[in-house]
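Peer 1: What follows is structure-v3.txt, compact mmCIF, C-alpha atoms.
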# COMPACT_ATOMS: atom_id res chain seq x y z
CA MET Z 1 7.56 -20.10 7.08
CA LEU Z 2 5.49 -17.38 5.48
CA PHE Z 3 3.27 -18.05 2.50
CA PRO Z 4 1.70 -15.65 0.01
CA GLU Z 5 -1.91 -14.83 0.53
CA GLY Z 6 -4.68 -12.77 -1.03
CA VAL Z 7 -6.17 -10.34 1.49
CA ALA Z 8 -9.60 -9.02 0.56
CA ILE Z 9 -10.06 -5.37 1.53
CA ASP Z 10 -13.45 -3.69 1.35
CA GLY Z 11 -12.87 -0.02 0.66
CA VAL Z 12 -16.29 1.01 1.98
CA THR Z 13 -16.56 -1.02 5.19
CA GLY Z 14 -12.80 -1.34 5.73
CA SER Z 15 -13.04 -5.06 6.38
CA VAL Z 16 -9.82 -7.09 5.94
CA GLN Z 17 -10.06 -10.84 5.26
CA PRO Z 18 -8.07 -12.53 6.70
CA ALA Z 19 -6.96 -10.12 9.43
CA THR Z 20 -4.45 -10.77 12.20
CA ALA Z 21 -5.62 -8.20 14.78
CA ARG Z 22 -8.03 -5.34 15.33
CA TYR Z 23 -8.92 -2.75 17.92
CA ALA Z 24 -11.45 0.04 18.30
CA LYS Z 25 -11.09 3.36 20.11
CA ARG Z 26 -14.18 4.68 21.80
CA LEU Z 27 -14.68 8.31 22.73
CA SER Z 28 -14.15 7.54 26.45
CA GLU Z 29 -10.68 6.20 25.61
CA LEU Z 30 -9.72 9.48 23.98
CA ARG Z 31 -10.01 11.87 26.93
CA GLY Z 32 -7.60 14.76 26.65
CA LEU Z 33 -7.61 14.61 22.85
CA PHE Z 34 -10.31 17.22 22.17
CA GLN Z 35 -10.32 20.86 23.22
CA ASP Z 36 -13.82 20.93 24.64
CA GLU Z 37 -13.72 18.45 27.52
CA ARG Z 38 -17.30 19.09 28.58
CA ALA Z 39 -18.59 18.50 25.07
CA GLN Z 40 -16.64 15.23 25.02
CA GLU Z 41 -18.13 14.04 28.33
CA ARG Z 42 -21.62 14.91 27.11
CA ALA Z 43 -21.02 13.08 23.83
CA ILE Z 44 -19.79 9.98 25.67
CA VAL Z 45 -23.14 9.85 27.47
CA ASP Z 46 -25.46 11.09 24.73
CA ARG Z 47 -23.93 8.95 21.95
CA ASP Z 48 -23.44 5.86 24.12
CA ASP Z 49 -19.64 6.07 24.00
CA PRO Z 50 -19.29 5.76 20.23
CA VAL Z 51 -16.45 4.10 18.35
CA VAL Z 52 -14.38 6.95 16.91
CA TYR Z 53 -12.11 4.73 14.86
CA GLU Z 54 -11.12 1.15 14.32
CA VAL Z 55 -7.88 -0.36 13.04
CA ILE Z 56 -7.58 -3.77 11.39
CA ASP Z 57 -4.14 -5.29 10.83
CA TYR Z 58 -2.63 -7.77 8.44
CA ARG Z 59 0.70 -8.16 10.16
CA LYS Z 60 3.20 -11.01 10.13
CA ALA Z 61 6.11 -10.58 12.49
CA GLU Z 62 8.45 -12.36 10.06
CA SER Z 63 7.69 -9.92 7.21
CA ASP Z 64 9.26 -6.48 6.90
CA LEU Z 65 6.03 -4.96 5.56
CA CYS Z 66 2.53 -4.90 7.01
CA PHE Z 67 -0.73 -3.26 6.08
CA GLY Z 68 -4.28 -2.81 7.23
CA THR Z 69 -7.21 -0.45 7.33
CA THR Z 70 -8.37 2.40 9.52
CA ILE Z 71 -12.11 3.07 9.64
CA MET Z 72 -13.08 6.45 11.06
CA SER Z 73 -16.61 7.37 12.05
CA PRO Z 74 -17.95 10.80 11.10
CA GLY Z 75 -18.64 13.14 14.01
CA LYS Z 76 -17.44 16.09 16.03
CA VAL Z 77 -16.68 17.01 19.62
CA GLY Z 78 -17.51 20.67 19.94
CA ALA Z 79 -16.11 22.20 16.74
CA GLU Z 80 -13.43 19.52 16.27
CA TYR Z 81 -13.88 16.61 13.92
CA TYR Z 82 -13.29 13.07 15.11
CA MET Z 83 -9.58 12.31 14.87
CA THR Z 84 -7.01 9.64 15.69
CA ARG Z 85 -4.58 10.08 18.58
CA GLY Z 86 -1.68 10.98 16.31
CA HIS Z 87 1.76 9.44 16.63
CA PHE Z 88 5.37 9.35 15.61
CA HIS Z 89 6.95 6.02 14.79
CA GLN Z 90 9.32 4.61 17.36
CA ARG Z 91 11.82 4.04 14.59
CA ARG Z 92 12.63 7.45 13.19
CA ASP Z 93 13.62 6.01 9.83
CA ARG Z 94 10.18 4.55 9.11
CA GLY Z 95 7.56 6.31 6.99
CA GLU Z 96 4.12 5.16 5.91
CA ALA Z 97 1.57 5.38 3.10
CA TYR Z 98 -2.16 6.05 3.65
CA TYR Z 99 -4.25 5.15 0.63
CA THR Z 100 -7.77 6.53 1.01
CA GLN Z 101 -10.60 4.32 -0.28
CA SER Z 102 -13.78 6.13 0.72
CA GLY Z 103 -14.96 9.22 2.59
CA GLU Z 104 -13.08 12.46 2.98
CA GLY Z 105 -10.64 13.72 5.54
CA LEU Z 106 -7.48 15.55 6.30
CA LEU Z 107 -4.14 14.11 7.28
CA LEU Z 108 -2.37 16.45 9.70
CA LEU Z 109 1.39 16.05 9.96
CA GLU Z 110 4.21 17.55 11.96
CA SER Z 111 7.91 17.11 11.45
CA ARG Z 112 10.24 16.57 14.38
CA ALA Z 113 11.45 20.14 13.76
CA GLY Z 114 7.91 21.47 14.19
CA GLU Z 115 6.76 22.07 10.64
CA SER Z 116 3.06 21.46 10.02
CA ARG Z 117 1.57 20.09 6.81
CA THR Z 118 -1.77 18.71 5.69
CA VAL Z 119 -2.66 16.27 2.95
CA GLU Z 120 -6.19 15.93 1.65
CA MET Z 121 -7.64 12.43 2.07
CA ARG Z 122 -10.02 11.39 -0.67
CA PRO Z 123 -10.51 8.22 -2.69
CA GLY Z 124 -7.53 7.53 -4.92
CA VAL Z 125 -5.08 9.71 -3.02
CA CYS Z 126 -2.16 7.88 -1.48
CA ALA Z 127 -0.61 10.10 1.19
CA PHE Z 128 3.14 9.79 1.50
CA ILE Z 129 4.22 10.15 5.15
CA PRO Z 130 7.98 10.61 5.34
CA PRO Z 131 9.96 9.10 8.22
CA ASP Z 132 9.82 11.07 11.47
CA TRP Z 133 6.67 13.03 10.72
CA ALA Z 134 3.91 12.70 13.31
CA HIS Z 135 0.55 12.04 11.69
CA ARG Z 136 -3.09 12.22 12.69
CA SER Z 137 -6.12 11.42 10.54
CA ILE Z 138 -9.26 13.51 10.75
CA ASN Z 139 -12.65 12.61 9.30
CA THR Z 140 -13.95 15.92 7.95
CA GLY Z 141 -16.86 14.38 6.02
CA SER Z 142 -20.28 13.03 6.81
CA GLU Z 143 -19.52 9.39 5.91
CA LYS Z 144 -17.00 6.86 7.13
CA LEU Z 145 -13.42 7.60 6.18
CA VAL Z 146 -11.62 4.40 5.18
CA PHE Z 147 -7.98 4.14 4.23
CA VAL Z 148 -5.43 1.36 3.76
CA TRP Z 149 -2.06 1.91 5.41
CA PHE Z 150 1.26 0.30 4.51
CA CYS Z 151 4.20 0.45 6.88
CA ALA Z 152 7.36 -1.33 7.99
CA THR Z 153 6.42 -4.01 10.53
CA ASP Z 154 9.07 -2.75 12.94
CA ALA Z 155 8.07 0.95 12.76
CA GLY Z 156 6.36 0.98 16.16
CA HIS Z 157 3.98 3.59 17.53
CA GLU Z 158 5.06 6.42 19.81
CA TYR Z 159 1.89 8.13 21.12
CA GLY Z 160 3.24 9.82 24.25
CA GLU Z 161 4.72 12.97 22.80
CA ILE Z 162 1.61 14.02 20.89
CA ARG Z 163 -0.63 13.06 23.81
CA GLU Z 164 1.35 15.24 26.20
CA ARG Z 165 1.89 18.34 24.09
CA GLY Z 166 -0.79 18.13 21.41
CA MET Z 167 -0.24 19.07 17.79
CA ARG Z 168 0.31 22.64 16.60
CA ARG Z 169 -2.84 22.75 14.50
CA LEU Z 170 -6.50 21.93 15.04
CA VAL Z 171 -9.02 21.02 12.38
CA VAL Z 172 -12.44 22.44 13.17
CA GLU Z 173 -15.73 23.24 11.52
CA ARG Z 174 -16.64 26.91 11.35
CA ASP Z 175 -19.79 28.12 9.61
CA GLY Z 176 -20.15 24.70 8.03
CA ARG Z 177 -16.63 24.67 6.57
CA MET Z 178 -13.42 22.91 7.53
CA VAL Z 179 -10.75 25.24 8.88
CA VAL Z 180 -7.19 24.53 10.05
CA THR Z 181 -6.29 26.76 13.00
CA ASP Z 182 -3.57 27.11 15.62
CA ASN Z 183 -3.95 25.02 18.75
CA PRO Z 184 -4.18 27.42 21.70
CA LYS Z 185 -3.35 24.60 24.12
CA PHE Z 186 -0.24 23.45 22.28
CA LEU Z 187 2.62 22.97 24.72
CA GLY Z 188 5.53 24.15 22.63
CA ASP Z 189 9.04 22.91 23.06
CA GLY Z 190 10.90 25.95 21.83
CA SER Z 191 11.16 24.63 18.29
CA LYS Z 192 7.84 26.06 17.16
CA LEU Z 193 7.97 27.27 13.59
CA ALA Z 194 5.59 29.50 11.74
CA MET O 1 14.36 17.08 3.74
CA LEU O 2 11.30 15.06 2.81
CA PHE O 3 7.81 16.52 2.97
CA PRO O 4 4.43 14.80 3.02
CA GLU O 5 2.53 14.73 -0.22
CA GLY O 6 -0.75 13.50 -1.65
CA VAL O 7 -0.18 11.20 -4.62
CA ALA O 8 -3.19 10.76 -6.88
CA ILE O 9 -3.50 7.23 -8.23
CA ASP O 10 -5.97 6.36 -10.97
CA GLY O 11 -6.97 2.75 -10.48
CA VAL O 12 -8.15 2.36 -14.07
CA THR O 13 -5.36 4.03 -16.04
CA GLY O 14 -2.68 3.47 -13.38
CA SER O 15 -1.49 7.07 -13.56
CA VAL O 16 0.49 8.39 -10.57
CA GLN O 17 0.62 12.14 -9.95
CA PRO O 18 3.27 13.19 -9.08
CA ALA O 19 5.53 10.32 -10.14
CA THR O 20 9.31 10.08 -9.80
CA ALA O 21 10.09 7.59 -12.58
CA ARG O 22 8.49 5.28 -15.11
CA TYR O 23 9.44 2.67 -17.67
CA ALA O 24 7.66 0.49 -20.19
CA LYS O 25 8.56 -3.00 -21.36
CA ARG O 26 7.78 -3.80 -24.96
CA LEU O 27 7.45 -7.32 -26.31
CA SER O 28 10.81 -7.08 -28.08
CA GLU O 29 12.48 -6.44 -24.72
CA LEU O 30 11.04 -9.66 -23.32
CA ARG O 31 12.65 -12.21 -25.61
CA GLY O 32 13.21 -15.51 -23.85
CA LEU O 33 10.26 -14.97 -21.53
CA PHE O 34 7.61 -16.84 -23.51
CA GLN O 35 7.62 -20.51 -24.57
CA ASP O 36 6.70 -19.93 -28.18
CA GLU O 37 9.53 -17.86 -29.60
CA ARG O 38 8.14 -17.82 -33.11
CA ALA O 39 4.76 -16.58 -31.91
CA GLN O 40 6.57 -13.84 -30.01
CA GLU O 41 8.55 -12.72 -33.08
CA ARG O 42 5.38 -12.66 -35.14
CA ALA O 43 3.56 -10.67 -32.45
CA ILE O 44 6.37 -8.12 -32.30
CA VAL O 45 5.85 -7.45 -35.99
CA ASP O 46 2.08 -7.87 -36.26
CA ARG O 47 1.27 -5.82 -33.14
CA ASP O 48 3.93 -3.17 -33.76
CA ASP O 49 6.02 -4.19 -30.73
CA PRO O 50 3.36 -3.56 -28.11
CA VAL O 51 3.90 -2.37 -24.57
CA VAL O 52 3.34 -5.43 -22.37
CA TYR O 53 3.56 -3.54 -19.10
CA GLU O 54 4.48 -0.22 -17.61
CA VAL O 55 5.71 0.64 -14.13
CA ILE O 56 5.32 4.07 -12.51
CA ASP O 57 7.23 4.87 -9.30
CA TYR O 58 6.78 7.20 -6.40
CA ARG O 59 10.17 6.65 -4.80
CA LYS O 60 12.21 8.88 -2.52
CA ALA O 61 15.67 7.57 -1.72
CA GLU O 62 15.50 9.05 1.79
CA SER O 63 12.31 7.17 2.66
CA ASP O 64 12.21 3.52 3.72
CA LEU O 65 8.95 2.89 1.85
CA CYS O 66 8.04 3.44 -1.79
CA PHE O 67 5.05 2.65 -3.94
CA GLY O 68 3.78 2.87 -7.49
CA THR O 69 1.64 1.21 -10.09
CA THR O 70 2.05 -1.54 -12.65
CA ILE O 71 -0.17 -1.39 -15.72
CA MET O 72 -0.37 -4.61 -17.72
CA SER O 73 -1.84 -4.84 -21.18
CA PRO O 74 -4.11 -7.76 -22.02
CA GLY O 75 -2.75 -10.17 -24.59
CA LYS O 76 -1.12 -13.53 -25.19
CA VAL O 77 1.94 -14.97 -26.90
CA GLY O 78 0.90 -18.37 -28.14
CA ALA O 79 -1.11 -19.82 -25.27
CA GLU O 80 0.66 -17.76 -22.61
CA TYR O 81 -0.81 -14.60 -21.19
CA TYR O 82 1.25 -11.42 -21.06
CA MET O 83 3.38 -11.46 -17.93
CA THR O 84 6.10 -9.53 -16.14
CA ARG O 85 9.69 -10.79 -16.07
CA GLY O 86 9.40 -12.03 -12.49
CA HIS O 87 11.99 -11.35 -9.84
CA PHE O 88 13.30 -11.94 -6.37
CA HIS O 89 14.30 -8.97 -4.26
CA GLN O 90 18.02 -8.39 -3.84
CA ARG O 91 17.42 -8.08 -0.11
CA ARG O 92 16.06 -11.42 0.99
CA ASP O 93 14.32 -9.87 4.00
CA ARG O 94 12.06 -7.63 1.89
CA GLY O 95 8.50 -8.53 0.95
CA GLU O 96 5.90 -6.54 -0.96
CA ALA O 97 2.17 -5.91 -1.26
CA TYR O 98 0.28 -5.80 -4.59
CA TYR O 99 -3.11 -4.14 -4.27
CA THR O 100 -5.17 -4.76 -7.42
CA GLN O 101 -7.33 -1.85 -8.60
CA SER O 102 -8.80 -3.03 -11.91
CA GLY O 103 -8.69 -5.96 -14.29
CA GLU O 104 -7.99 -9.55 -13.41
CA GLY O 105 -4.86 -11.58 -13.20
CA LEU O 106 -2.82 -14.14 -11.39
CA LEU O 107 0.22 -13.57 -9.22
CA LEU O 108 2.62 -16.49 -9.58
CA LEU O 109 5.11 -16.95 -6.75
CA GLU O 110 8.00 -19.24 -5.93
CA SER O 111 9.84 -19.57 -2.67
CA ARG O 112 13.60 -19.87 -2.59
CA ALA O 113 13.05 -23.53 -1.64
CA GLY O 114 11.03 -24.08 -4.82
CA GLU O 115 7.45 -24.04 -3.63
CA SER O 116 4.94 -22.57 -6.08
CA ARG O 117 1.86 -20.58 -5.12
CA THR O 118 -0.66 -18.39 -6.91
CA VAL O 119 -2.80 -15.52 -5.64
CA GLU O 120 -5.79 -14.27 -7.58
CA MET O 121 -5.53 -10.63 -8.60
CA ARG O 122 -8.84 -8.81 -8.68
CA PRO O 123 -10.02 -5.39 -7.47
CA GLY O 124 -9.87 -5.14 -3.70
CA VAL O 125 -7.44 -8.00 -3.18
CA CYS O 126 -4.13 -7.02 -1.64
CA ALA O 127 -1.63 -9.80 -2.31
CA PHE O 128 0.88 -10.35 0.48
CA ILE O 129 4.27 -11.32 -0.96
CA PRO O 130 6.52 -12.62 1.82
CA PRO O 131 10.24 -11.89 1.77
CA ASP O 132 12.28 -14.11 -0.55
CA TRP O 133 9.42 -15.26 -2.75
CA ALA O 134 9.93 -14.62 -6.48
CA HIS O 135 6.84 -13.06 -8.03
CA ARG O 136 5.46 -12.56 -11.52
CA SER O 137 2.19 -10.88 -12.48
CA ILE O 138 0.08 -12.25 -15.30
CA ASN O 139 -2.83 -10.49 -16.97
CA THR O 140 -5.39 -13.26 -17.51
CA GLY O 141 -8.24 -10.91 -18.43
CA SER O 142 -9.33 -8.94 -21.46
CA GLU O 143 -8.80 -5.48 -19.92
CA LYS O 144 -5.80 -3.73 -18.42
CA LEU O 145 -4.63 -5.13 -15.11
CA VAL O 146 -3.67 -2.29 -12.75
CA PHE O 147 -2.24 -2.74 -9.29
CA VAL O 148 -0.52 -0.56 -6.71
CA TRP O 149 2.61 -2.00 -5.13
CA PHE O 150 4.21 -1.05 -1.82
CA CYS O 151 7.73 -2.09 -0.98
CA ALA O 152 10.83 -1.17 1.00
CA THR O 153 12.86 1.35 -0.99
CA ASP O 154 16.02 -0.71 -0.54
CA ALA O 155 14.49 -4.05 -1.60
CA GLY O 156 16.15 -4.10 -5.02
CA HIS O 157 15.25 -6.26 -8.02
CA GLU O 158 17.05 -9.49 -8.88
CA TYR O 159 15.87 -10.57 -12.34
CA GLY O 160 18.74 -12.83 -13.36
CA GLU O 161 17.78 -16.06 -11.66
CA ILE O 162 14.25 -16.20 -13.04
CA ARG O 163 15.44 -15.08 -16.48
CA GLU O 164 17.99 -17.90 -16.62
CA ARG O 165 15.99 -20.79 -15.24
CA GLY O 166 12.36 -19.70 -15.68
CA MET O 167 9.63 -20.36 -13.14
CA ARG O 168 8.26 -23.83 -12.38
CA ARG O 169 4.74 -23.03 -13.56
CA LEU O 170 3.20 -21.50 -16.67
CA VAL O 171 -0.15 -19.76 -16.92
CA VAL O 172 -1.83 -20.48 -20.23
CA GLU O 173 -5.21 -20.35 -21.89
CA ARG O 174 -6.69 -23.71 -22.90
CA ASP O 175 -10.15 -23.98 -24.41
CA GLY O 176 -10.84 -20.41 -23.36
CA ARG O 177 -9.92 -20.99 -19.71
CA MET O 178 -6.92 -20.10 -17.59
CA VAL O 179 -4.81 -23.09 -16.59
CA VAL O 180 -1.66 -23.32 -14.45
CA THR O 181 0.69 -25.98 -15.80
CA ASP O 182 4.25 -27.18 -15.29
CA ASN O 183 6.93 -25.42 -17.28
CA PRO O 184 8.57 -28.01 -19.53
CA LYS O 185 11.57 -25.73 -20.04
CA PHE O 186 12.19 -25.10 -16.35
CA LEU O 187 15.88 -25.49 -15.56
CA GLY O 188 15.71 -27.03 -12.09
CA ASP O 189 18.40 -26.67 -9.51
CA GLY O 190 17.86 -29.91 -7.60
CA SER O 191 15.56 -28.28 -5.07
CA LYS O 192 12.44 -28.80 -7.12
CA LEU O 193 9.44 -29.63 -4.96
CA ALA O 194 6.08 -30.99 -5.96
Would you put the structure from the file into structure tokens?
Peer 2:
Amino acid sequence: MLFPEGVAIDGVTGSVQPATARYAKRLSELRGLFQDERAQERAIVDRDDPVVYEVIDYRKAESDLCFGTTIMSPGKVGAEYYMTRGHFHQRRDRGEAYYTQSGEGLLLLESRAGESRTVEMRPGVCAFIPPDWAHRSINTGSEKLVFVWFCATDAGHEYGEIRERGMRRLVVERDGRMVVTDNPKFLGDGSKLA
Amino acid sequence: MLFPEGVAIDGVTGSVQPATARYAKRLSELRGLFQDERAQERAIVDRDDPVVYEVIDYRKAESDLCFGTTIMSPGKVGAEYYMTRGHFHQRRDRGEAYYTQSGEGLLLLESRAGESRTVEMRPGVCAFIPPDWAHRSINTGSEKLVFVWFCATDAGHEYGEIRERGMRRLVVERDGRMVVTDNPKFLGDGSKLA
């Protein structure tokens, strides 16, 4: 049987107490994600294979709702900011909420029909992610980006599609400013919209 | 079709921008909730029928997940702190998360089998409410208590059972301190546990 519990979340470090699971993604585990493959290989060596992001779960299989934190390091590979892999949910009827606690970033989204959107991530902004929109978080700032996510426990993660084709937009730094541009390597599927 | 959106939440005032709905509960709408009915009638007059709590929704019928804020005024009726009505969800497989932003309070819960639990509400604590646990929020502090809730859109509210029988515990102030006591007016159903 499940019992209520108070879960202490630190909005600066992203710690979750008690947590049920956690994982970290290092730069070497994210090959193929960034445009500049040589810059990524150099960064893996020069930065000692840094943690790009970490995810901490509070998840009970018997509950319909779970939550946790994502903690994203600041950094770039070439002109691109550190980002998460990006994913759809396996269940197409499951959305999510990302409530930013500290840092600054951009949430990049894509509908199944190919529409792109962004939502600014800053403390106090809760991003509404509708069902069946792929989403990727990008740390565009110089500090850690920490957000709390809330999602149906059975949503599931589907990473393959984004990994294989990429997303339609990139988020890069140009002349010291964040810019959203088209992805020249995007492998379209015929449903590309403006 | 649903689109992503950034929803600005103020953790001190509880404002939600944009919001989809809101309601307030005044003390006169909460007759029967407090033990001391005469103190409640006096307070309705003396305090000009104050707002006890307010709920602001960000809810899209086409999304599985919704969220919003609850803003609870500080105050007491007799020895009892201001509280929400308390409810089960209509869908017994739907839980909830209450993420406190400011103020201090106590979340009082009761399982369908009659077990009572409390979870401290303070900034940074995300209370996990398992499916089929009735829950009531109580502002035990001297400032507003503001929390963000996340829940399945189809969970539904079932207020009747708690309204008719009460909850097994009361949260009162005694000698300037918060105390959890048995409810002498609780109308048990034979499943009462220790």
Peer 1: Can you check which parts of chain Z lie within 7 Å of chain O? Per residue, the shortest pair of atoms and distance in Å to one decimal, counting all atoms listed in the file, sorted by chain and number, as JSON lines.
Peer 2:
{"residue": "Z:Leu2", "atom": "CA", "partner": "O:Pro130", "partner_atom": "CA", "distance": 6.1}
{"residue": "Z:Phe3", "atom": "CA", "partner": "O:Pro130", "partner_atom": "CA", "distance": 6.4}
{"residue": "Z:Pro4", "atom": "CA", "partner": "O:Ile129", "partner_atom": "CA", "distance": 5.1}
{"residue": "Z:Glu5", "atom": "CA", "partner": "O:Phe128", "partner_atom": "CA", "distance": 5.3}
{"residue": "Z:Gly6", "atom": "CA", "partner": "O:Ala127", "partner_atom": "CA", "distance": 4.4}
{"residue": "Z:Val7", "atom": "CA", "partner": "O:Cys126", "partner_atom": "CA", "distance": 5.0}
{"residue": "Z:Ala8", "atom": "CA", "partner": "O:Val125", "partner_atom": "CA", "distance": 4.4}
{"residue": "Z:Ile9", "atom": "CA", "partner": "O:Gly124", "partner_atom": "CA", "distance": 5.2}
{"residue": "Z:Asp10", "atom": "CA", "partner": "O:Gly124", "partner_atom": "CA", "distance": 6.4}
{"residue": "Z:Ser63", "atom": "CA", "partner": "O:Pro130", "partner_atom": "CA", "distance": 6.1}
{"residue": "Z:Asp64", "atom": "CA", "partner": "O:Arg94", "partner_atom": "CA", "distance": 5.9}
{"residue": "Z:Leu65", "atom": "CA", "partner": "O:Gly95", "partner_atom": "CA", "distance": 6.3}
{"residue": "Z:Asp93", "atom": "CA", "partner": "O:Asp64", "partner_atom": "CA", "distance": 6.7}
{"residue": "Z:Arg94", "atom": "CA", "partner": "O:Asp64", "partner_atom": "CA", "distance": 5.9}
{"residue": "Z:Gly95", "atom": "CA", "partner": "O:Leu65", "partner_atom": "CA", "distance": 6.3}
{"residue": "Z:Glu96", "atom": "CA", "partner": "O:Leu65", "partner_atom": "CA", "distance": 6.7}
{"residue": "Z:Val119", "atom": "CA", "partner": "O:Gly6", "partner_atom": "CA", "distance": 5.7}
{"residue": "Z:Glu120", "atom": "CA", "partner": "O:Gly6", "partner_atom": "CA", "distance": 6.8}
{"residue": "Z:Gly124", "atom": "CA", "partner": "O:Ile9", "partner_atom": "CA", "distance": 5.2}
{"residue": "Z:Val125", "atom": "CA", "partner": "O:Ala8", "partner_atom": "CA", "distance": 4.4}
{"residue": "Z:Cys126", "atom": "CA", "partner": "O:Val7", "partner_atom": "CA", "distance": 5.0}
{"residue": "Z:Ala127", "atom": "CA", "partner": "O:Gly6", "partner_atom": "CA", "distance": 4.4}
{"residue": "Z:Phe128", "atom": "CA", "partner": "O:Glu5", "partner_atom": "CA", "distance": 5.3}
{"residue": "Z:Ile129", "atom": "CA", "partner": "O:Pro4", "partner_atom": "CA", "distance": 5.1}
{"residue": "Z:Pro130", "atom": "CA", "partner": "O:Pro4", "partner_atom": "CA", "distance": 6.0}
{"residue": "Z:Pro131", "atom": "CA", "partner": "O:Ser63", "partner_atom": "CA", "distance": 6.3}
Peer 1: Only C-alpha atoms, please: the residues just picked out, written as a CSV table (one decimal), in the coordinates of the input.
Peer 2:
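Everything below was put into again-v8.csv:
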chain,number,residue,atom,x,y,z
Z,2,LEU,CA,5.5,-17.4,5.5
Z,3,PHE,CA,3.3,-18.0,2.5
Z,4,PRO,CA,1.7,-15.6,0.0
Z,5,GLU,CA,-1.9,-14.8,0.5
Z,6,GLY,CA,-4.7,-12.8,-1.0
Z,7,VAL,CA,-6.2,-10.3,1.5
Z,8,ALA,CA,-9.6,-9.0,0.6
Z,9,ILE,CA,-10.1,-5.4,1.5
Z,10,ASP,CA,-13.4,-3.7,1.4
Z,63,SER,CA,7.7,-9.9,7.2
Z,64,ASP,CA,9.3,-6.5,6.9
Z,65,LEU,CA,6.0,-5.0,5.6
Z,93,ASP,CA,13.6,6.0,9.8
Z,94,ARG,CA,10.2,4.6,9.1
Z,95,GLY,CA,7.6,6.3,7.0
Z,96,GLU,CA,4.1,5.2,5.9
Z,119,VAL,CA,-2.7,16.3,3.0
Z,120,GLU,CA,-6.2,15.9,1.6
Z,124,GLY,CA,-7.5,7.5,-4.9
Z,125,VAL,CA,-5.1,9.7,-3.0
Z,126,CYS,CA,-2.2,7.9,-1.5
Z,127,ALA,CA,-0.6,10.1,1.2
Z,128,PHE,CA,3.1,9.8,1.5
Z,129,ILE,CA,4.2,10.2,5.2
Z,130,PRO,CA,8.0,10.6,5.3
Z,131,PRO,CA,10.0,9.1,8.2
Peer 1: Could you give me, as an MDAnalysis selection string, the residues that have an atom at most 9 Å away from the point (-3.9, -1.1, 14.3) in the coordinates of the file, using only C-alpha atoms?
Peer 2: chainID Z and resid 21:24 54:58 68:70
Peer 1: One number please: atom CA of Arg169 of chain O to atom CA of Thr100 of chain O, in Å, one decimal.
Peer 2: 21.7 Å
Peer 1: Rounded to one decimal, what separation in Å do you get between atom CA of Thr20 of chain O and atom CA of Gly75 of chain O?
Peer 2: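 Interatomic distance here is 27.8 Å.
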Peer 1: Restricting the calculation to all atoms listed in the file, which member of O:Asp36, O:Arg85, O:Gly103, O:Arg26 is positioned closest to Pro184 of chain O?
Peer 2: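 Checking each candidate against Pro184 of chain O, we get O:Asp36 as the closest.
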Peer 1: So how far away is atom CA of Gly14 of chain Z from atom CA of Asn139 of chain O, in Å?
Peer 2: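 Computed distance, atom CA of Asn139 of chain O to atom CA of Gly14 of chain Z, equals 26.4 Å.
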Peer 1: I'd like the neighbourhood of segment 171-180 of chain O as a PyMOL selection string, where a residue qualifies if any of its atoms comes within 8 Å (using only C-alpha atoms), though same-chain residues fewer than 6 positions away should be ignored.
Peer 2: chain O and resi 79-81+138+140
Peer 1: Take the residues from that selection and put them in a file with C-alpha atoms, as a compact mmCIF listing (two decimals), in the frame of the given file.
Peer 2:
# COMPACT_ATOMS: atom_id res chain seq x y z
CA ALA O 79 -1.11 -19.82 -25.27
CA GLU O 80 0.66 -17.76 -22.61
CA TYR O 81 -0.81 -14.60 -21.19
CA ILE O 138 0.08 -12.25 -15.30
CA THR O 140 -5.39 -13.26 -17.51
Peer 1: With all atoms listed in the file as the basis for distance, which of O:Leu27, O:Ala43, O:Met72, O:Leu187 is at the shortest distance from Glu161 of chain O?
Peer 2: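 Smallest distance to Glu161 of chain O is found for O:Leu187.
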Peer 1: With only C-alpha atoms as the counted atoms, please give the residues lying no more than 12 Å from Ile44 of chain O, apart from itself and same-chain residues fewer than 2 positions off, as a list in words.
Peer 2: Arg26, Leu27, Ser28, Glu29, Leu30, Arg31, Glu37, Arg38, Ala39, Gln40, Glu41, Arg42, Asp46, Arg47, Asp48, Asp49, Pro50, Val51, Val52, Lys76 and Val77 of chain O
